[in-house]
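Colleague: File final-v2.cif below, mmCIF, C-alpha atoms and all ligand atoms:
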```
data_work
#
loop_
_atom_site.label_atom_id
_atom_site.label_comp_id
_atom_site.auth_asym_id
_atom_site.auth_seq_id
_atom_site.Cartn_x
_atom_site.Cartn_y
_atom_site.Cartn_z
CA MET A 1 3.97 6.44 1.76
CA SER A 2 0.57 7.06 3.24
CA TYR A 3 -2.91 8.29 2.44
CA SER A 4 -5.55 10.43 4.01
CA VAL A 5 -8.75 8.88 5.34
CA ARG A 6 -11.40 7.81 2.86
CA GLY A 7 -13.83 10.41 1.70
CA GLU A 8 -11.29 13.19 1.38
CA GLU A 9 -9.19 13.66 -1.70
CA PRO A 10 -6.41 11.10 -1.56
CA VAL A 11 -3.09 12.60 -0.49
CA VAL A 12 0.05 10.82 -1.53
CA ILE A 13 3.13 11.24 0.66
CA GLU A 14 6.55 9.97 -0.25
CA ALA A 15 10.02 10.52 1.16
CA LEU A 16 13.13 10.75 -0.97
CA LYS A 17 16.39 10.01 0.80
CA MET A 18 19.77 11.02 -0.57
CA ARG A 19 23.30 11.88 0.36
CA ALA A 20 24.11 15.56 0.90
CA LEU A 21 27.43 17.37 0.66
CA PRO A 22 27.82 20.61 2.61
CA GLU A 23 29.23 23.50 0.59
CA GLY A 24 32.09 24.99 2.54
CA SER A 25 32.56 24.35 6.23
CA TYR A 26 30.06 22.13 7.97
CA ASP A 27 30.98 23.19 11.52
CA LYS A 28 27.79 25.17 12.03
CA LEU A 29 25.61 22.41 10.64
CA LEU A 30 27.18 19.90 12.99
CA GLU A 31 26.79 22.34 15.86
CA PHE A 32 23.13 22.76 14.98
CA LEU A 33 22.51 19.00 14.87
CA LYS A 34 24.10 18.55 18.29
CA LEU A 35 22.17 21.47 19.76
CA TYR A 36 18.98 20.06 18.24
CA ARG A 37 19.59 16.61 19.71
CA ASN A 38 20.29 18.08 23.14
CA ALA A 39 17.15 20.20 22.96
CA VAL A 40 14.98 17.20 22.05
CA GLN A 41 16.55 15.28 24.93
CA MET A 42 15.89 18.16 27.31
CA VAL A 43 12.20 18.22 26.35
CA VAL A 44 11.97 14.41 26.57
CA ASP A 45 13.47 14.50 30.09
CA ARG A 46 10.98 17.10 31.23
CA ILE A 47 7.81 15.53 29.82
CA TRP A 48 8.85 12.03 30.91
CA SER A 49 8.17 13.10 34.49
CA ILE A 50 4.72 14.48 33.61
CA ASN A 51 1.88 11.97 33.37
CA GLY A 52 -0.42 11.94 30.36
CA ARG A 53 -0.25 13.45 26.93
CA LEU A 54 0.41 17.15 26.66
CA SER A 55 -1.54 19.35 24.30
CA LYS A 56 0.33 21.41 21.74
CA LYS A 57 -0.69 24.54 23.61
CA ARG A 58 0.80 23.22 26.83
CA LEU A 59 3.98 22.11 25.08
CA HIS A 60 4.30 25.54 23.58
CA ARG A 61 3.86 27.26 26.95
CA LEU A 62 6.35 24.98 28.62
CA PHE A 63 9.17 25.00 26.06
CA TYR A 64 8.85 27.67 23.41
CA ASN A 65 10.62 30.54 25.15
CA ASN A 66 13.31 28.28 26.47
CA LEU A 67 14.10 26.87 23.02
CA VAL A 68 14.09 30.26 21.34
CA SER A 69 16.52 31.55 23.93
CA MET A 70 18.85 28.70 22.94
CA GLY A 71 19.00 30.22 19.45
CA PHE A 72 16.28 28.21 17.69
CA ARG A 73 13.82 29.72 15.26
CA ALA A 74 10.07 29.57 15.90
CA HIS A 75 9.45 26.53 13.72
CA HIS A 76 12.55 24.75 14.99
CA ALA A 77 11.08 25.04 18.48
CA LYS A 78 7.74 23.65 17.36
CA GLU A 79 9.35 20.69 15.57
CA ILE A 80 11.48 19.94 18.62
CA TYR A 81 8.74 19.71 21.21
CA ILE A 82 6.36 17.83 18.90
CA TYR A 83 9.09 15.33 18.02
CA ALA A 84 10.01 14.89 21.69
CA GLU A 85 6.37 14.32 22.60
CA SER A 86 6.00 11.66 19.88
CA LEU A 87 9.14 9.86 21.14
CA VAL A 88 7.82 9.78 24.70
CA ASP A 89 4.42 8.70 23.50
CA SER A 90 5.66 5.71 21.54
CA ALA A 91 8.12 4.68 24.27
CA ARG A 92 5.27 4.70 26.79
CA SER A 93 2.83 2.79 24.62
CA ASN A 94 5.49 0.14 24.01
CA GLY A 95 6.16 -0.04 27.74
CA GLY A 96 9.73 1.02 27.07
CA ARG A 97 12.19 3.18 28.98
CA LYS A 98 12.80 6.85 28.61
CA PRO A 99 14.24 7.52 25.14
CA ILE A 100 17.91 8.52 25.00
CA LEU A 101 18.94 10.20 21.76
CA ARG A 102 22.30 9.30 20.33
CA LYS A 103 21.94 9.89 16.62
CA LEU A 104 22.31 13.31 15.07
CA SER A 105 19.08 14.01 13.29
CA ALA A 106 16.85 17.07 12.88
CA ARG A 107 13.40 17.52 11.40
CA ILE A 108 13.08 20.85 9.71
CA ASP A 109 9.85 22.55 8.76
CA ARG A 110 8.94 24.06 5.36
CA TYR A 111 9.60 27.56 6.70
CA ASP A 112 13.19 26.83 7.63
CA TYR A 113 14.62 25.50 4.38
CA LYS A 114 14.77 26.34 0.71
CA LEU A 115 14.84 23.51 -1.79
CA ASP A 116 15.93 24.04 -5.38
CA LEU A 117 15.44 20.92 -7.46
CA ASP A 118 17.01 22.50 -10.57
CA SER A 119 20.37 23.15 -8.96
CA MET A 120 19.84 20.30 -6.47
CA THR A 121 20.65 22.44 -3.48
CA LEU A 122 19.07 22.67 -0.06
CA THR A 123 19.58 25.73 2.11
CA LEU A 124 18.86 25.25 5.80
CA LYS A 125 18.17 27.95 8.34
CA LEU A 126 20.10 27.04 11.46
CA HIS A 127 20.30 28.41 15.00
CA SER A 128 21.32 31.98 15.80
CA GLY A 129 20.87 33.18 12.21
CA TYR A 130 23.37 30.77 10.62
CA GLU A 131 22.69 29.04 7.32
CA ALA A 132 24.03 25.88 5.68
CA LYS A 133 23.93 25.03 2.00
CA LEU A 134 23.96 21.39 0.91
CA LYS A 135 24.45 19.86 -2.50
CA LEU A 136 22.03 16.96 -2.97
CA VAL A 137 23.54 13.87 -4.54
CA THR A 138 21.09 11.76 -6.50
CA SER A 139 20.06 11.06 -10.06
CA SER A 140 17.76 13.43 -11.90
CA GLU A 141 15.42 10.51 -12.69
CA ARG A 142 14.74 9.95 -9.01
CA VAL A 143 13.94 13.59 -8.49
CA GLY A 144 12.04 14.02 -11.75
CA LYS A 145 9.03 12.19 -10.42
CA PHE A 146 8.50 14.83 -7.73
CA ARG A 147 8.39 17.91 -9.92
CA GLY A 148 5.01 19.46 -9.37
CA TRP A 149 4.67 17.90 -5.92
CA GLY A 150 4.74 19.99 -2.76
CA ASN A 151 7.29 19.36 -0.03
CA TYR A 152 6.68 20.13 3.58
CA GLU A 153 9.51 18.77 5.71
CA VAL A 154 13.11 17.61 5.51
CA VAL A 155 15.07 15.41 7.87
CA VAL A 156 18.82 15.98 8.05
CA LYS A 157 21.05 13.28 9.50
CA CYS A 158 24.71 12.86 10.15
CA ASP A 159 26.34 9.49 10.68
CA GLY A 160 29.79 8.01 10.25
CA SER A 161 29.44 8.16 6.47
CA GLY A 162 28.43 11.84 6.23
CA PHE A 163 25.24 13.82 5.82
CA TRP A 164 21.88 12.49 4.61
CA VAL A 165 18.72 14.32 3.71
CA SER A 166 15.17 12.96 3.42
CA ILE A 167 12.68 15.21 1.70
CA TYR A 168 8.97 14.65 2.33
CA PHE A 169 6.87 15.24 -0.76
CA LYS A 170 3.12 15.53 -0.85
CA ARG A 171 0.60 15.58 -3.63
CA VAL A 172 -3.16 15.56 -3.82
CA ALA A 173 -4.26 12.95 -6.32
CA LYS A 174 -7.08 14.36 -8.38
CA ALA A 175 -10.02 12.05 -7.79
CA VAL A 176 -11.19 10.30 -10.93
CA LYS A 177 -14.96 10.37 -11.42
CA PRO A 178 -15.85 6.73 -12.03
CA ARG A 179 -17.69 5.83 -15.21
CA THR A 180 -17.21 2.06 -15.13
CA VAL A 181 -16.76 -0.67 -12.51
CA MET A 182 -13.73 -2.94 -12.54
CA SER A 183 -14.17 -6.01 -10.37
CA ILE A 184 -11.32 -8.38 -9.63
CA ASP A 185 -11.43 -12.01 -8.63
CA LEU A 186 -8.36 -13.65 -7.13
CA ASN A 187 -7.73 -17.33 -7.04
CA PHE A 188 -4.79 -19.65 -6.93
CA ASP A 189 -4.05 -19.81 -10.66
CA ASN A 190 -5.61 -16.67 -12.07
CA ILE A 191 -6.52 -13.09 -11.50
CA THR A 192 -9.61 -12.24 -13.51
CA LEU A 193 -10.86 -8.73 -14.02
CA THR A 194 -13.87 -7.36 -15.84
CA VAL A 195 -14.76 -3.77 -16.58
CA LEU A 196 -18.51 -3.22 -16.86
CA THR A 197 -20.55 -0.09 -17.48
CA PRO A 198 -23.32 0.86 -15.02
CA ASP A 199 -25.90 -0.68 -17.34
CA GLY A 200 -24.04 -3.97 -17.47
CA ARG A 201 -22.18 -3.78 -20.76
CA LEU A 202 -18.80 -5.50 -20.78
CA VAL A 203 -15.94 -3.19 -21.74
CA LYS A 204 -12.95 -5.33 -20.88
CA LEU A 205 -12.18 -8.85 -19.74
CA LYS A 206 -8.68 -9.81 -18.76
CA ARG A 207 -6.94 -12.67 -17.06
CA PHE A 208 -3.47 -12.89 -15.54
CA ARG A 209 -1.83 -16.09 -14.40
CA THR A 210 -0.50 -15.94 -10.84
CA PRO A 211 2.97 -17.20 -9.96
CA LEU A 212 1.59 -19.21 -7.04
CA ARG A 213 2.43 -22.60 -8.54
CA LYS A 214 6.04 -21.49 -8.79
CA VAL A 215 5.96 -20.11 -5.27
CA LEU A 216 4.45 -23.36 -4.08
CA THR A 217 7.33 -25.43 -5.44
CA HIS A 218 9.78 -23.32 -3.38
CA ARG A 219 7.51 -23.74 -0.37
CA ILE A 220 7.51 -27.50 -0.89
CA TRP A 221 11.32 -27.50 -1.04
CA VAL A 222 11.49 -25.65 2.26
CA GLU A 223 9.09 -28.07 3.90
CA ARG A 224 11.00 -31.04 2.51
CA ILE A 225 14.26 -29.72 3.99
CA GLN A 226 12.61 -28.97 7.31
CA ARG A 227 11.16 -32.46 7.41
CA ARG A 228 14.55 -34.00 6.76
CA TYR A 229 16.12 -32.05 9.63
CA PRO A 230 13.12 -31.66 11.91
CA ARG A 231 14.97 -30.66 15.04
CA SER A 232 18.19 -29.21 13.81
CA TRP A 233 17.50 -27.14 10.68
CA LYS A 234 17.63 -23.86 12.55
CA PHE A 235 21.11 -24.59 13.83
CA ILE A 236 22.88 -26.00 10.79
CA LYS A 237 24.26 -23.15 8.75
CA GLY A 238 24.12 -24.80 5.32
CA VAL A 239 20.55 -25.96 5.81
CA ARG A 240 19.44 -22.59 7.08
CA LYS A 241 21.06 -20.97 4.08
CA ALA A 242 19.24 -23.24 1.66
CA ILE A 243 15.95 -22.35 3.32
CA ASP A 244 16.77 -18.64 3.20
CA ARG A 245 17.50 -18.93 -0.50
CA HIS A 246 14.06 -20.38 -1.21
CA GLY A 247 12.49 -17.75 1.03
CA GLU A 248 14.28 -15.04 -0.89
CA ARG A 249 13.04 -16.43 -4.21
CA ILE A 250 9.47 -16.52 -2.88
CA ARG A 251 9.70 -12.91 -1.74
CA ASN A 252 11.18 -11.71 -5.02
CA ILE A 253 8.67 -13.54 -7.18
CA SER A 254 5.65 -12.40 -5.21
CA TRP A 255 6.67 -8.75 -4.73
CA GLY A 256 7.82 -8.42 -8.31
CA TYR A 257 4.57 -9.86 -9.55
CA ALA A 258 2.37 -7.82 -7.20
CA HIS A 259 4.02 -4.56 -8.26
CA LYS A 260 3.75 -5.37 -11.93
CA VAL A 261 0.11 -6.41 -11.78
CA GLY A 262 -0.81 -3.55 -9.42
CA ASP A 263 0.57 -1.16 -11.99
CA LEU A 264 -1.17 -2.84 -14.94
CA VAL A 265 -4.51 -2.96 -13.16
CA ALA A 266 -4.35 0.67 -12.09
CA GLU A 267 -3.40 1.74 -15.61
CA LEU A 268 -6.41 -0.12 -17.01
CA ALA A 269 -8.70 1.38 -14.38
CA SER A 270 -7.33 4.78 -15.24
CA LYS A 271 -7.92 4.22 -18.94
CA HIS A 272 -11.55 3.20 -18.36
CA SER A 273 -12.18 5.63 -15.45
CA SER A 274 -13.13 2.70 -13.25
CA ILE A 275 -13.85 2.34 -9.61
CA ILE A 276 -12.06 -0.84 -8.48
CA VAL A 277 -14.02 -3.48 -6.59
CA LEU A 278 -11.99 -6.04 -4.64
CA GLU A 279 -12.98 -8.97 -2.49
CA ASP A 280 -12.86 -8.17 1.21
CA LEU A 281 -10.32 -10.76 2.36
CA ASP A 282 -11.24 -10.32 6.03
CA LYS A 283 -14.74 -11.49 5.21
CA LEU A 284 -13.39 -14.34 3.17
CA ARG A 285 -12.27 -16.37 6.12
CA GLU A 286 -15.44 -16.04 8.11
CA ASN A 287 -17.48 -17.07 5.10
CA ASN A 288 -15.20 -20.07 4.79
CA LYS A 289 -15.60 -19.73 1.08
CA ARG A 290 -13.76 -21.88 -1.44
CA GLY A 291 -12.55 -24.08 1.37
CA ARG A 292 -9.48 -25.90 0.18
CA GLU A 293 -8.14 -23.29 -2.15
CA PHE A 294 -8.30 -20.44 0.32
CA ASN A 295 -7.12 -22.46 3.25
CA LYS A 296 -3.71 -22.50 1.68
CA ARG A 297 -2.20 -19.77 3.80
CA LEU A 298 0.07 -19.04 0.92
CA GLY A 299 -2.85 -17.84 -1.16
CA LEU A 300 -4.28 -15.46 1.38
CA TRP A 301 -0.93 -13.87 2.12
CA PHE A 302 -0.29 -13.40 -1.58
CA TYR A 303 -3.74 -11.89 -2.20
CA ARG A 304 -3.19 -9.34 0.55
CA ARG A 305 0.07 -8.29 -0.98
CA LEU A 306 -1.50 -8.02 -4.40
CA GLN A 307 -4.43 -5.98 -3.11
CA PHE A 308 -2.00 -3.68 -1.31
CA CYS A 309 -0.19 -2.95 -4.58
CA VAL A 310 -3.42 -2.49 -6.52
CA GLU A 311 -4.70 -0.04 -3.89
CA TYR A 312 -1.46 1.86 -3.74
CA GLU A 313 -1.14 2.26 -7.50
CA ALA A 314 -4.84 3.13 -7.80
CA ARG A 315 -4.76 5.85 -5.13
CA GLU A 316 -1.72 7.37 -6.77
CA ARG A 317 -3.90 7.86 -9.82
CA GLY A 318 -6.90 9.15 -7.87
CA ILE A 319 -8.88 5.96 -8.42
CA GLU A 320 -11.23 4.81 -5.71
CA VAL A 321 -11.05 1.25 -4.39
CA VAL A 322 -13.85 -0.50 -2.49
CA LYS A 323 -13.98 -3.90 -0.85
CA ILE A 324 -17.02 -6.09 -0.96
CA ASN A 325 -17.87 -9.22 1.00
CA PRO A 326 -17.36 -12.02 -1.54
CA ARG A 327 -19.91 -14.35 0.07
CA GLY A 328 -21.72 -16.30 -2.61
CA THR A 329 -19.95 -14.63 -5.52
CA SER A 330 -18.51 -17.87 -6.84
CA SER A 331 -21.52 -20.08 -6.27
CA LYS A 332 -24.59 -18.13 -7.34
CA CYS A 333 -26.07 -17.56 -10.76
CA PRO A 334 -25.50 -13.94 -11.77
CA ARG A 335 -28.75 -13.99 -13.71
CA CYS A 336 -31.29 -15.60 -11.35
CA GLY A 337 -29.39 -16.00 -8.08
CA LYS A 338 -29.80 -19.79 -7.78
CA LYS A 339 -26.94 -22.11 -6.85
CA LEU A 340 -24.59 -23.01 -9.69
CA PHE A 341 -23.22 -26.47 -10.43
CA GLU A 342 -19.92 -27.51 -11.93
CA ASP A 343 -20.11 -28.21 -15.61
CA GLY A 344 -16.73 -29.21 -16.94
CA HIS A 345 -13.39 -27.59 -16.26
CA ARG A 346 -13.86 -24.33 -14.33
CA MET A 347 -17.31 -23.89 -15.88
CA LEU A 348 -20.52 -23.47 -13.91
CA ARG A 349 -24.14 -24.01 -14.93
CA CYS A 350 -27.45 -22.87 -13.51
CA MET A 351 -30.10 -25.62 -13.46
CA LYS A 352 -32.92 -23.11 -13.21
CA CYS A 353 -32.27 -20.68 -16.02
CA GLY A 354 -29.67 -22.55 -18.03
CA PHE A 355 -26.96 -19.94 -17.60
CA VAL A 356 -23.42 -21.27 -18.23
CA GLY A 357 -20.17 -19.45 -17.65
CA ASP A 358 -16.55 -19.44 -16.59
CA ARG A 359 -16.37 -19.51 -12.80
CA ASP A 360 -13.83 -16.69 -12.42
CA VAL A 361 -15.76 -14.41 -14.74
CA ILE A 362 -18.97 -15.24 -12.88
CA ALA A 363 -17.25 -14.24 -9.65
CA THR A 364 -16.31 -10.83 -11.05
CA ILE A 365 -19.83 -10.26 -12.38
CA ASN A 366 -21.32 -11.16 -9.00
CA LEU A 367 -18.89 -8.80 -7.28
CA TYR A 368 -19.95 -6.10 -9.68
CA LYS A 369 -23.63 -6.76 -8.97
CA LYS A 370 -23.06 -6.70 -5.23
CA TYR A 371 -21.23 -3.41 -5.48
CA VAL A 372 -23.91 -1.89 -7.69
CA SER A 373 -26.81 -2.96 -5.49
CA LYS A 374 -25.06 -1.99 -2.26
CA TYR A 375 -24.09 1.48 -3.41
CA SER A 376 -27.25 2.27 -5.33
CA ARG A 377 -29.39 1.49 -2.30
CA CYS A 378 -27.64 3.76 0.15
CA GLY A 379 -27.04 6.44 -2.44
CA VAL A 380 -23.29 6.71 -1.98
CA SER A 381 -21.53 8.43 -4.81
CA GLY A 382 -20.21 6.19 -7.51
CA VAL A 383 -21.55 5.07 -10.81
CA ALA A 384 -25.30 5.23 -11.23
CA PRO A 385 -26.44 1.68 -11.76
CA ASN A 386 -29.25 0.16 -13.77
CA ALA A 387 -29.79 -3.19 -12.11
CA PRO A 388 -30.53 -5.91 -14.63
CA LYS A 389 -33.86 -7.66 -14.45
CA PRO A 390 -33.50 -11.17 -13.04
CA ASP A 391 -35.09 -13.04 -15.91
CA GLU A 392 -33.66 -11.30 -18.88
CA ASN A 393 -33.14 -13.73 -21.65
CA THR A 394 -29.48 -13.94 -22.49
CA SER A 395 -27.78 -16.89 -24.05
CA GLY A 396 -24.51 -15.01 -24.01
CA MET A 397 -22.66 -17.07 -21.45
CA GLN A 398 -22.85 -20.34 -23.32
CA GLY A 399 -19.96 -21.95 -25.11
CA ASN A 400 -16.66 -23.28 -23.89
CA ARG A 401 -14.24 -21.37 -21.75
CA ASP A 402 -12.03 -20.16 -24.56
CA ASP A 403 -14.98 -18.82 -26.43
CA ALA A 404 -16.15 -17.21 -23.26
CA MET A 405 -12.81 -15.51 -22.80
CA LYS A 406 -13.04 -14.01 -26.26
CA THR A 407 -15.35 -11.53 -24.56
CA SER A 408 -17.95 -11.00 -27.26
CA SER A 409 -20.17 -13.68 -25.80
CA TYR A 410 -20.47 -11.69 -22.57
CA MET A 411 -21.39 -8.49 -24.22
CA ASN A 412 -25.14 -8.98 -24.06
CA LEU A 413 -25.33 -10.18 -20.52
CA TYR A 414 -27.44 -7.33 -19.24
CA GLU A 415 -28.80 -5.80 -22.37
CA SER A 416 -32.55 -5.80 -22.75
ZN ZN B 1 -29.75 -18.90 -13.16
#
```
What would the structure in this file look like if it were written as structure tokens?
Ligand SMILES: [Zn+2]

Modeller:
Amino acid sequence: MSYSVRGEEPVVIEALKMRALPEGSYDKLLEFLKLYRNAVQMVVDRIWSINGRLSKKRLHRLFYNNLVSMGFRAHHAKEIYIYAESLVDSARSNGGRKPILRKLSARIDRYDYKLDLDSMTLTLKLHSGYEAKLKLVTSSERVGKFRGWGNYEVVVKCDGSGFWVSIYFKRVAKAVKPRTVMSIDLNFDNITLTVLTPDGRLVKLKRFRTPLRKVLTHRIWVERIQRRYPRSWKFIKGVRKAIDRHGERIRNISWGYAHKVGDLVAELASKHSSIIVLEDLDKLRENNKRGREFNKRLGLWFYRRLQFCVEYEARERGIEVVKINPRGTSSKCPRCGKKLFEDGHRMLRCMKCGFVGDRDVIATINLYKKYVSKYSRCGVSGVAPNAPKPDENTSGMQGNRDDAMKTSSYMNLYES
């Protein structure tokens, strides 16, 4: 999966791999795959002795006629020299040796195959005018998702277990025009998100518990075992296995959670036509914010994973995601900008204007304000903001945390 650069419409690319059964004899298909491999190798051998990257034009001049005379079609030839060039390129940049191809694998361009998702068949145009028809073996649910997508390339492979096909699907996600801002605060115990309108009205407030406490207990087990066998744990099979088991649990819990929450968040953003504002985790470290909590490496690694899933799910729905430096977002008063002080469990109070609120919610509101002021100043597209006046009189944030989480008390935060 991958996306285009920011600013363009987001393009979603996904590959679907499945087993394929040739209809009738597969002699010609096998012949094609061998010929293809040899042709790629031939091109690799030739360009390995030439220094520097070759342009497509040069590649074409050097190899096109030769490949066509071997029986390849025009787009076969193009795929072959471009693939060979990319192999050489990555071998060189890794400081490796000349690539030697052993596996039977061919990349085939849109013009040289016909895919029919209804009958689940793939017809390939081979060398010298031959064709091969393959029956694709997979469930209709897996394929169903890709109806309405375009496809632009297939990769056909043959190994000891038979033939495999990967189909590359592509779709332009229709960009959602943002009408609200969803800002998300991550910390060890909770994920807090708020959806606010450009004029500061609260639409939605939601909190998820993170599984980091659970993950931490597995982590502690691992460290306990490693401490007990400080020198030898890597070499004792049973001990290593126990550690692997905890590692596996940690991976399952965190990926499962990240996917689930990524999906939920993107659905909510979609429902409210939000632009999503996340904390820029790279800036987090240099700010040295929230010292102890964020110094737990565990946290940072988990937040990255979570942000990855949120971004992925959001882009799939055409929702824009921006990252904002979180400096000061959990320590400044969202109303007057002065430093906040702790006031009971997870509550913060401003000594200057008397503002009181839940620290996580305050962080999301400050993120929102940072986003709004940053993007209104430089006139980048997004929601049109009405920045709140600094001394608006709002008593909305008072009350205990549970009251605060019942949302209505936030509603008037920016209303005049
Ligand atoms: Zn204040």

Colleague: If the limit is 9 Å from any atom of ligand ZN 1 (chain B), counting only C-alpha atoms and all ligand atoms, which residues qualify? Return them as a CSV table (one decimal) with C-alpha atoms, in the frame of the given file.

Modeller:
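Final output, saved to part.csv:
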```
chain,number,residue,atom,x,y,z
A,332,LYS,CA,-24.6,-18.1,-7.3
A,333,CYS,CA,-26.1,-17.6,-10.8
A,334,PRO,CA,-25.5,-13.9,-11.8
A,335,ARG,CA,-28.8,-14.0,-13.7
A,336,CYS,CA,-31.3,-15.6,-11.4
A,337,GLY,CA,-29.4,-16.0,-8.1
A,338,LYS,CA,-29.8,-19.8,-7.8
A,339,LYS,CA,-26.9,-22.1,-6.8
A,340,LEU,CA,-24.6,-23.0,-9.7
A,349,ARG,CA,-24.1,-24.0,-14.9
A,350,CYS,CA,-27.4,-22.9,-13.5
A,351,MET,CA,-30.1,-25.6,-13.5
A,352,LYS,CA,-32.9,-23.1,-13.2
A,353,CYS,CA,-32.3,-20.7,-16.0
A,354,GLY,CA,-29.7,-22.6,-18.0
A,355,PHE,CA,-27.0,-19.9,-17.6
A,356,VAL,CA,-23.4,-21.3,-18.2
A,390,PRO,CA,-33.5,-11.2,-13.0
A,391,ASP,CA,-35.1,-13.0,-15.9
```

Colleague: For A:Arg240, which of A:Gly256, A:Val11, A:Val222, A:Phe163 is the closest residue, counting only C-alpha atoms?

Modeller: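 So, comparing all the options, the nearest one is A:Val222.
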
Colleague: Could you jot down the atom CA of A:Arg19 to atom CA of A:Ser139 separation for me, Å, one decimal place?

Modeller: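 Atom CA of A:Ser139 lies at a distance of 10.9 Å from atom CA of A:Arg19.
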
Colleague: For A:Glu31, which residue out of A:Ser105, A:Asn94, A:Ser140, A:Ser55 is the nearest one, using all atoms listed in the file?

Modeller: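 Nearest candidate to A:Glu31 out of A:Ser105, A:Asn94, A:Ser140, A:Ser55: A:Ser105.
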
Colleague: Could you give me, as JSON, numbers by chain, the residues within 8 Å of stretch 36-39 of chain A, counting all atoms listed in the file and dropping anything in the same chain fewer than 6 positions from it?

Modeller: {"A": [67, 80, 101, 102, 103, 104, 105, 106]}

Colleague: Counting only C-alpha atoms, which residue out of A:Glu23, A:Asp116, A:Glu316, A:Asp280 sits closest to A:Ala175?

Modeller: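 That would be A:Glu316, the residue with the smallest distance to A:Ala175.
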
Colleague: Write out as a VMD selection string each polymer residue whose atoms come within 12 Å of A:Gln226, counting all atoms listed in the file; drop sequence neighbours fewer than 2 positions from it.

Modeller: chain A and resid 219 to 224 228 to 236 239 to 240 242 to 244

Colleague: May I ask which of the residues A:Ile275, A:Leu115, A:Ala266, A:Ala77 is the closest one to A:His127, counting only C-alpha atoms?

Modeller: A:Ala77

Colleague: Please determine, counting all atoms listed in the file, which residue among A:Lys177, A:Lys170, A:Arg142, A:Arg110 has the shortest atom-to-atom distance to A:Ser270.

Modeller: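 Between A:Lys177, A:Lys170, A:Arg142, A:Arg110, the residue approaching A:Ser270 most closely is A:Lys177.
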
Colleague: Between A:Ala258, A:Asn66, A:Tyr371, A:Thr121, which is the closest to A:Glu313 once you count all atoms listed in the file?

Modeller: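 Of A:Ala258, A:Asn66, A:Tyr371, A:Thr121, the one nearest A:Glu313, counting all atoms listed in the file, is A:Ala258.
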
Colleague: Rounded to one decimal in Å, what is the spacing between atom CA of A:Val143 and atom CA of A:Tyr168?

Modeller: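 Atom CA of A:Val143 sits 12.0 Å away from atom CA of A:Tyr168.
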
Colleague: With all atoms listed in the file as the counted atoms, please give the residues lying no more than 7 Å from stretch 189-195 of chain A, apart from itself and same-chain residues fewer than 2 positions off, as a list of chain:residue names.

Modeller: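 Within the cut-off, the hits are A:Thr180, A:Val181, A:Met182, A:Ser183, A:Ile184, A:Asp185, A:Leu186, A:Asn187, A:Thr197, A:Leu202, A:Val203, A:Lys204, A:Leu205, A:Lys206, A:Arg207, A:Phe208, A:Arg209, A:Thr210, A:Leu212, A:Asp360, A:Val361, A:Thr364.
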
Colleague: Contacts of A:Val88 at 8 Å or less, counting all atoms listed in the file, minus same-chain residues fewer than 5 places along, as a PDB file with C-alpha atoms, keeping the file's coordinate frame?

Modeller:
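Contents of selection.pdb, freshly written:
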```pdb
ATOM      1  CA  VAL A  44      11.970  14.410  26.570  1.00  0.00           C
ATOM      2  CA  ILE A  47       7.810  15.530  29.820  1.00  0.00           C
ATOM      3  CA  TRP A  48       8.850  12.030  30.910  1.00  0.00           C
ATOM      4  CA  LYS A  98      12.800   6.850  28.610  1.00  0.00           C
ATOM      5  CA  PRO A  99      14.240   7.520  25.140  1.00  0.00           C
TER       6      PRO A  99
END
```

Colleague: Starting from 6 Å padding per side, set up an axis-aligned box that covers all listed atoms of stretch 136-152 of chain A and hand over centre and edge lengths in Å, one decimal, as lines of an AutoDock Vina configuration file.

Modeller:
```
center_x = 14.1
center_y = 15.0
center_z = -4.6
size_x = 30.9
size_y = 22.2
size_z = 28.3
```

Colleague: Around (11.4, 32.7, 19.9), as given in the file, which residues come within 6 Å? Count all atoms listed in the file and list them as a ChimeraX atom specification.

Modeller: /A:65,68,74

Colleague: Figure out the distance between atom CA of A:Ile13 and atom CA of A:Leu30, please, to one decimal in Å.

Modeller: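 Straight-line distance from atom CA of A:Leu30 to atom CA of A:Ile13 works out to 28.4 Å.
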
Colleague: Please build the interface table for stretch 193-260 of chain A against stretch 300-312 of chain A with a cut-off of 12 Å, listing for each qualifying residue the nearest atom pair and the distance in Å to one decimal; count only C-alpha atoms, order rows by chain and increasing number, and write it as JSON lines.

Modeller:
```
{"residue": "A:Thr210", "atom": "CA", "partner": "A:Phe302", "partner_atom": "CA", "distance": 9.6}
{"residue": "A:Pro211", "atom": "CA", "partner": "A:Phe302", "partner_atom": "CA", "distance": 9.8}
{"residue": "A:Leu212", "atom": "CA", "partner": "A:Phe302", "partner_atom": "CA", "distance": 8.2}
{"residue": "A:Arg213", "atom": "CA", "partner": "A:Phe302", "partner_atom": "CA", "distance": 11.9}
{"residue": "A:Val215", "atom": "CA", "partner": "A:Phe302", "partner_atom": "CA", "distance": 9.9}
{"residue": "A:Leu216", "atom": "CA", "partner": "A:Phe302", "partner_atom": "CA", "distance": 11.3}
{"residue": "A:Ile250", "atom": "CA", "partner": "A:Phe302", "partner_atom": "CA", "distance": 10.3}
{"residue": "A:Arg251", "atom": "CA", "partner": "A:Phe302", "partner_atom": "CA", "distance": 10.0}
{"residue": "A:Ile253", "atom": "CA", "partner": "A:Phe302", "partner_atom": "CA", "distance": 10.6}
{"residue": "A:Ser254", "atom": "CA", "partner": "A:Phe302", "partner_atom": "CA", "distance": 7.0}
{"residue": "A:Trp255", "atom": "CA", "partner": "A:Arg305", "partner_atom": "CA", "distance": 7.6}
{"residue": "A:Gly256", "atom": "CA", "partner": "A:Leu306", "partner_atom": "CA", "distance": 10.1}
{"residue": "A:Tyr257", "atom": "CA", "partner": "A:Leu306", "partner_atom": "CA", "distance": 8.2}
{"residue": "A:Ala258", "atom": "CA", "partner": "A:Leu306", "partner_atom": "CA", "distance": 4.8}
{"residue": "A:His259", "atom": "CA", "partner": "A:Cys309", "partner_atom": "CA", "distance": 5.8}
{"residue": "A:Lys260", "atom": "CA", "partner": "A:Cys309", "partner_atom": "CA", "distance": 8.7}
```
